[in-house]
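Source file: data14.tsv (TSV, C-alpha atoms)
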```tsv
chain	number	residue	atom	x	y	z
A	1	MET	CA	0.75	-18.86	-15.14
A	2	ILE	CA	2.97	-16.99	-12.67
A	3	SER	CA	3.60	-18.54	-9.26
A	4	ILE	CA	6.06	-18.05	-6.39
A	5	VAL	CA	7.18	-21.20	-4.61
A	6	ASN	CA	9.92	-22.55	-2.38
A	7	SER	CA	12.70	-24.18	-4.37
A	8	THR	CA	13.52	-27.85	-4.49
A	9	LEU	CA	17.07	-29.02	-3.88
A	10	GLU	CA	17.52	-29.70	-7.60
A	11	GLU	CA	16.49	-26.13	-8.44
A	12	VAL	CA	19.20	-24.53	-6.31
A	13	ALA	CA	21.46	-24.68	-9.41
A	14	GLU	CA	19.18	-22.05	-10.96
A	15	VAL	CA	20.30	-19.61	-8.23
A	16	CYS	CA	23.86	-19.89	-9.53
A	17	ARG	CA	22.74	-19.39	-13.14
A	18	LEU	CA	20.73	-16.28	-12.32
A	19	ASP	CA	23.45	-14.85	-10.05
A	20	LYS	CA	25.95	-14.92	-12.91
A	21	LEU	CA	23.64	-12.56	-14.84
A	22	VAL	CA	23.91	-9.88	-12.13
A	23	PHE	CA	26.75	-10.34	-9.65
A	24	SER	CA	30.53	-10.45	-9.90
A	25	GLU	CA	32.42	-13.58	-8.89
A	26	LYS	CA	33.14	-11.99	-5.51
A	27	TRP	CA	29.47	-12.38	-4.52
A	28	ASP	CA	28.98	-15.90	-5.95
A	29	ILE	CA	27.95	-18.70	-3.63
A	30	PRO	CA	29.15	-22.09	-4.87
A	31	LEU	CA	26.41	-24.59	-5.70
A	32	SER	CA	27.49	-27.04	-2.98
A	33	ASP	CA	27.27	-24.26	-0.36
A	34	GLY	CA	23.85	-23.20	-1.65
A	35	GLU	CA	22.61	-26.78	-1.42
A	36	THR	CA	23.93	-27.10	2.14
A	37	ALA	CA	22.17	-23.86	3.08
A	38	TRP	CA	18.91	-25.17	1.57
A	39	GLN	CA	19.22	-28.33	3.68
A	40	ASN	CA	19.31	-26.14	6.82
A	41	ASN	CA	16.12	-24.34	5.77
A	42	GLN	CA	14.08	-25.36	2.73
A	43	GLU	CA	12.29	-22.00	2.61
A	44	ILE	CA	15.28	-19.71	1.97
A	45	TYR	CA	15.04	-19.73	-1.83
A	46	ARG	CA	11.74	-18.53	-3.32
A	47	PHE	CA	11.41	-18.79	-7.09
A	48	ILE	CA	9.07	-16.91	-9.37
A	49	LYS	CA	8.01	-19.16	-12.21
A	50	ASP	CA	6.14	-18.55	-15.42
A	51	ASP	CA	4.51	-21.92	-16.01
A	52	ASP	CA	7.50	-24.06	-15.02
A	53	LYS	CA	10.27	-21.73	-16.16
A	54	ILE	CA	12.23	-20.02	-13.35
A	55	MET	CA	12.35	-16.26	-14.00
A	56	GLY	CA	13.91	-15.06	-10.74
A	57	TYR	CA	14.31	-15.66	-7.03
A	58	HIS	CA	14.96	-14.16	-3.66
A	59	PHE	CA	17.20	-15.63	-1.00
A	60	VAL	CA	16.32	-14.58	2.54
A	61	ALA	CA	17.95	-16.33	5.48
A	62	PRO	CA	17.12	-16.29	9.19
A	63	PHE	CA	19.92	-15.92	11.73
A	64	GLN	CA	20.53	-15.33	15.39
A	65	GLN	CA	21.35	-11.72	16.17
A	66	TYR	CA	25.11	-12.15	16.55
A	67	VAL	CA	25.50	-13.66	13.04
A	68	TYR	CA	23.19	-11.04	11.52
A	69	GLU	CA	25.16	-8.21	13.10
A	70	GLN	CA	28.45	-9.67	11.88
A	71	LEU	CA	27.05	-9.90	8.34
A	72	LEU	CA	25.85	-6.30	8.27
A	73	SER	CA	29.11	-4.98	9.77
A	74	GLY	CA	31.22	-6.87	7.24
A	75	GLU	CA	32.92	-8.91	9.97
A	76	MET	CA	31.55	-12.14	8.48
A	77	ASP	CA	31.51	-13.06	4.81
A	78	GLU	CA	28.13	-14.15	3.45
A	79	LYS	CA	29.50	-17.58	2.50
A	80	ASN	CA	30.80	-18.15	6.03
A	81	ALA	CA	27.35	-17.45	7.50
A	82	LEU	CA	25.59	-20.20	5.52
A	83	PRO	CA	26.12	-22.92	8.16
A	84	PHE	CA	24.39	-20.67	10.73
A	85	ILE	CA	21.10	-20.41	8.83
A	86	LEU	CA	18.29	-21.32	11.21
A	87	ASN	CA	15.44	-23.73	10.59
A	88	TYR	CA	12.13	-21.92	11.07
A	89	ASP	CA	10.68	-24.93	12.88
A	90	GLU	CA	13.19	-24.38	15.68
A	91	CYS	CA	12.73	-20.59	16.13
A	92	ASN	CA	10.43	-18.12	17.78
A	93	GLU	CA	12.43	-15.06	16.70
A	94	VAL	CA	14.82	-14.39	13.81
A	95	TYR	CA	16.90	-11.71	12.17
A	96	LEU	CA	16.36	-11.83	8.39
A	97	TYR	CA	19.26	-11.18	6.05
A	98	VAL	CA	18.53	-10.76	2.35
A	99	TYR	CA	21.29	-12.39	0.35
A	100	SER	CA	19.83	-11.53	-3.03
A	101	ILE	CA	16.84	-10.82	-5.18
A	102	VAL	CA	17.37	-11.48	-8.88
A	103	VAL	CA	15.13	-11.42	-11.91
A	104	ASP	CA	16.23	-12.53	-15.37
A	105	MET	CA	16.65	-9.09	-16.95
A	106	SER	CA	17.21	-10.59	-20.40
A	107	VAL	CA	13.48	-11.11	-20.83
A	108	GLU	CA	11.47	-8.27	-22.30
A	109	ASN	CA	8.83	-8.09	-19.57
A	110	TYR	CA	11.02	-8.54	-16.50
A	111	LYS	CA	8.85	-6.19	-14.39
A	112	THR	CA	6.10	-8.77	-14.68
A	113	TYR	CA	8.31	-10.91	-12.44
A	114	SER	CA	10.11	-8.32	-10.30
A	115	LYS	CA	6.98	-6.74	-8.81
A	116	PRO	CA	5.42	-9.94	-7.39
A	117	LEU	CA	8.84	-11.18	-6.28
A	118	ILE	CA	9.43	-7.99	-4.28
A	119	GLN	CA	5.94	-8.29	-2.78
A	120	ASP	CA	6.73	-11.87	-1.76
A	121	LEU	CA	9.99	-10.70	-0.18
A	122	VAL	CA	8.08	-8.27	2.04
A	123	ASP	CA	5.40	-10.91	2.73
A	124	VAL	CA	8.01	-13.24	4.29
A	125	ILE	CA	7.59	-11.27	7.51
A	126	GLN	CA	3.82	-11.72	7.56
A	127	ARG	CA	4.11	-15.44	6.81
A	128	LEU	CA	6.51	-15.85	9.72
A	129	ASN	CA	4.30	-13.83	12.06
A	130	GLU	CA	1.42	-16.17	11.24
A	131	ARG	CA	3.67	-19.02	12.44
A	132	ASN	CA	4.42	-17.13	15.68
A	133	ILE	CA	7.97	-16.32	14.59
A	134	GLU	CA	8.91	-12.73	15.33
A	135	VAL	CA	11.16	-10.97	12.85
A	136	LYS	CA	13.32	-8.69	15.00
A	137	ASP	CA	15.21	-6.97	12.17
A	138	PHE	CA	15.53	-7.14	8.38
A	139	GLY	CA	18.56	-6.03	6.42
A	140	PHE	CA	20.95	-6.46	3.55
A	141	ILE	CA	24.01	-5.11	1.82
A	142	ALA	CA	23.00	-3.45	-1.44
A	143	ILE	CA	25.61	-3.99	-4.15
A	144	THR	CA	23.63	-2.73	-7.16
A	145	HIS	CA	21.72	0.44	-7.92
A	146	ALA	CA	18.53	-1.65	-7.96
A	147	GLY	CA	19.30	-2.90	-4.43
A	148	ILE	CA	19.81	0.64	-3.19
A	149	ARG	CA	16.49	1.75	-4.74
A	150	LEU	CA	14.70	-1.22	-3.16
A	151	ALA	CA	16.10	-0.41	0.31
A	152	GLU	CA	15.02	3.20	0.00
A	153	LEU	CA	11.53	2.28	-1.24
A	154	MET	CA	11.08	-0.12	1.67
A	155	GLY	CA	12.05	2.57	4.14
A	156	LEU	CA	15.11	0.74	5.40
A	157	THR	CA	17.68	2.83	7.23
A	158	PHE	CA	21.04	3.46	5.57
A	159	ILE	CA	23.76	2.41	8.04
A	160	GLU	CA	27.09	2.68	6.25
A	161	GLU	CA	28.96	2.30	2.99
A	162	PHE	CA	31.97	0.04	2.45
A	163	GLU	CA	34.83	1.05	0.18
A	164	SER	CA	35.10	-1.31	-2.76
A	165	ASP	CA	36.65	-1.72	-6.19
A	166	GLU	CA	33.13	-2.35	-7.46
A	167	LYS	CA	30.67	0.47	-8.02
A	168	PRO	CA	28.42	1.36	-6.45
A	169	ASN	CA	30.14	0.79	-3.12
A	170	PRO	CA	28.26	-1.82	-1.04
A	171	GLN	CA	25.76	-0.09	1.23
A	172	VAL	CA	24.25	-1.50	4.43
A	173	TYR	CA	20.51	-1.07	5.07
A	174	ARG	CA	18.35	-2.40	7.87
A	175	SER	CA	15.09	-1.83	9.74
A	176	GLU	CA	12.72	-3.29	12.21
A	177	PRO	CA	9.76	-4.57	10.14
A	178	ARG	CA	7.34	-2.18	11.87
A	179	HIS	CA	9.20	0.70	10.20
A	180	PHE	CA	8.70	-0.59	6.63
A	181	LYS	CA	6.94	1.82	4.33
A	182	LYS	CA	4.92	-0.93	2.68
A	183	GLU	CA	2.00	1.34	1.88
A	184	SER	CA	4.26	3.70	-0.07
A	185	ILE	CA	5.85	0.87	-2.06
A	186	PHE	CA	2.86	-1.20	-2.96
A	187	LEU	CA	-0.25	0.19	-4.54
A	188	LYS	CA	-2.86	-2.52	-4.98
A	189	GLY	CA	-0.12	-5.14	-4.94
A	190	GLN	CA	2.08	-3.25	-7.42
A	191	VAL	CA	5.44	-1.60	-6.85
A	192	ALA	CA	5.27	2.18	-7.11
A	193	LYS	CA	7.26	3.60	-10.05
```

With the file now loaded, output its structure as structure tokens.
Amino acid sequence: MISIVNSTLEEVAEVCRLDKLVFSEKWDIPLSDGETAWQNNQEIYRFIKDDDKIMGYHFVAPFQQYVYEQLLSGEMDEKNALPFILNYDECNEVYLYVYSIVVDMSVENYKTYSKPLIQDLVDVIQRLNERNIEVKDFGFIAITHAGIRLAELMGLTFIEEFESDEKPNPQVYRSEPRHFKKESIFLKGQVAK
């Protein structure tokens, strides 16, 4: 049975395992830093599980505006922002930065996991609104072709591209949640092809 749940502290190690399948060392977050981030906010890592096996995750972190802006401009490294992750219980507005969304691509039916995980990523905003937490802006730096496609499907605005040794070049996307094109992405809960 497929479910999407917040991670436990012990499961944060799975983030590192899955990251190594997709990202270069440059984008790795050490386990100890990931665990510290989780202690700031126990809702930042959401895992998709098939029975009890972790098949993927997304990592979305809330920040104050100044940290969020520094992340998107490249002035602050993602690792250096971890101590500034906010606890939702202490906020009434946040700026959401997507660190990553990863599915184990080595499994044959990976789309079975990617579609609900993407839906859950978008649903973070609704869940926060229900708790009277306003999401002011939502953004990320796409470092893979899949990340670029996701940003475009969601209707995020392309801001700039950074020169890099890695290809594609990292690209910055952001949007106020009210500008999301959710209805064009999701058809009856499924991601459009």

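You will find CA of Glu160 (chain A) at 15.2 Å from CA of Tyr68 (chain A).
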
**Prompt:** Restricting the calculation to only C-alpha atoms, which member of A:Glu166, A:Val172, A:Val135, A:Glu75 is positioned closest to Glu152 (chain A)?
**Reply:**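 Among A:Glu166, A:Val172, A:Val135, A:Glu75, it is A:Val172 that comes nearest to Glu152 (chain A).
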
**Prompt:** Which protein, DNA or RNA residues are at most 12 Å from (9.7, -19.3, -11.8) in the file's coordinates when you count only C-alpha atoms, listed as a PyMOL selection string?
**Reply:** chain A and resi 1-8+11+14-15+18+45-58+102-104+110+112-114+116-117

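Among the candidates A:Leu156, A:Met105, A:Val94, A:Ile143, the residue lying nearest to Leu128 (chain A) is A:Val94 (atoms considered: all atoms listed in the file).
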
**Message:** Residues within 9 Å of region 32-35 of chain A, please, as a PyMOL selection string. Count all atoms listed in the file; anything in the same chain fewer than 6 positions from it doesn't count.
**Reply:** chain A and resi 9-10+12-13+15-16+79+82-83

Once you have the residues from the selection above, write them out as a compact mmCIF listing (two decimals), keeping the file's coordinate frame, restricted to C-alpha atoms.
```
# COMPACT_ATOMS: atom_id res chain seq x y z
CA LEU A 9 17.07 -29.02 -3.88
CA GLU A 10 17.52 -29.70 -7.60
CA VAL A 12 19.20 -24.53 -6.31
CA ALA A 13 21.46 -24.68 -9.41
CA VAL A 15 20.30 -19.61 -8.23
CA CYS A 16 23.86 -19.89 -9.53
CA LYS A 79 29.50 -17.58 2.50
CA LEU A 82 25.59 -20.20 5.52
CA PRO A 83 26.12 -22.92 8.16
```

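Taking CA of Phe59 (chain A) and CA of Arg127 (chain A) as endpoints, the distance between them is 15.2 Å.
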
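Pairwise distance (CA of Asp137 (chain A), CA of Tyr95 (chain A)) equals 5.0 Å.
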
**Prompt:** Which is closest to Arg178 (chain A) among A:Thr144, A:Ser164, A:Gln126, A:Asn40, if we use all atoms listed in the file?
**Reply:**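 Answer, going by the shortest atom-to-atom distance: A:Gln126.
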
**Minimum-distance residue to Phe158 (chain A), chosen among A:Ser175, A:Asp77, A:Ile133, A:Ala146 (using only C-alpha atoms)** =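 Looking at the shortest contact to Phe158 (chain A), the residue is A:Ser175.
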
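With all atoms listed in the file as the atoms that count, the residue of A:Leu71, A:Ile118, A:Leu31, A:Met76 with the shortest distance to Arg174 (chain A) is A:Leu71.
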
**Request:** Could you check which of A:Val67, A:Glu43, A:Asp89, A:Leu72 is closest to Leu121 (chain A), using only C-alpha atoms?
**Result:**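 Closest candidate: A:Glu43.
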
**Message:** Which residues are near Glu161 (chain A)? Cut-off 8 Å, all atoms listed in the file, ignore same chain within fewer than 2 positions. Put them as a ChimeraX atom specification.
**Reply:** /A:159,163,169-172

Step by step: start from the point (8.4, -16.0, 16.4) in the file's coordinates, keep every protein, DNA or RNA residue that has an atom no farther than 6 Å from it, count all atoms listed in the file, and write the set as a PDB file with C-alpha atoms, in the coordinates of the input.
```pdb
ATOM      1  CA  ASN A  92      10.430 -18.120  17.780  1.00  0.00           C
ATOM      2  CA  GLU A  93      12.430 -15.060  16.700  1.00  0.00           C
ATOM      3  CA  ASN A 132       4.420 -17.130  15.680  1.00  0.00           C
ATOM      4  CA  ILE A 133       7.970 -16.320  14.590  1.00  0.00           C
ATOM      5  CA  GLU A 134       8.910 -12.730  15.330  1.00  0.00           C
TER       6      GLU A 134
END
```
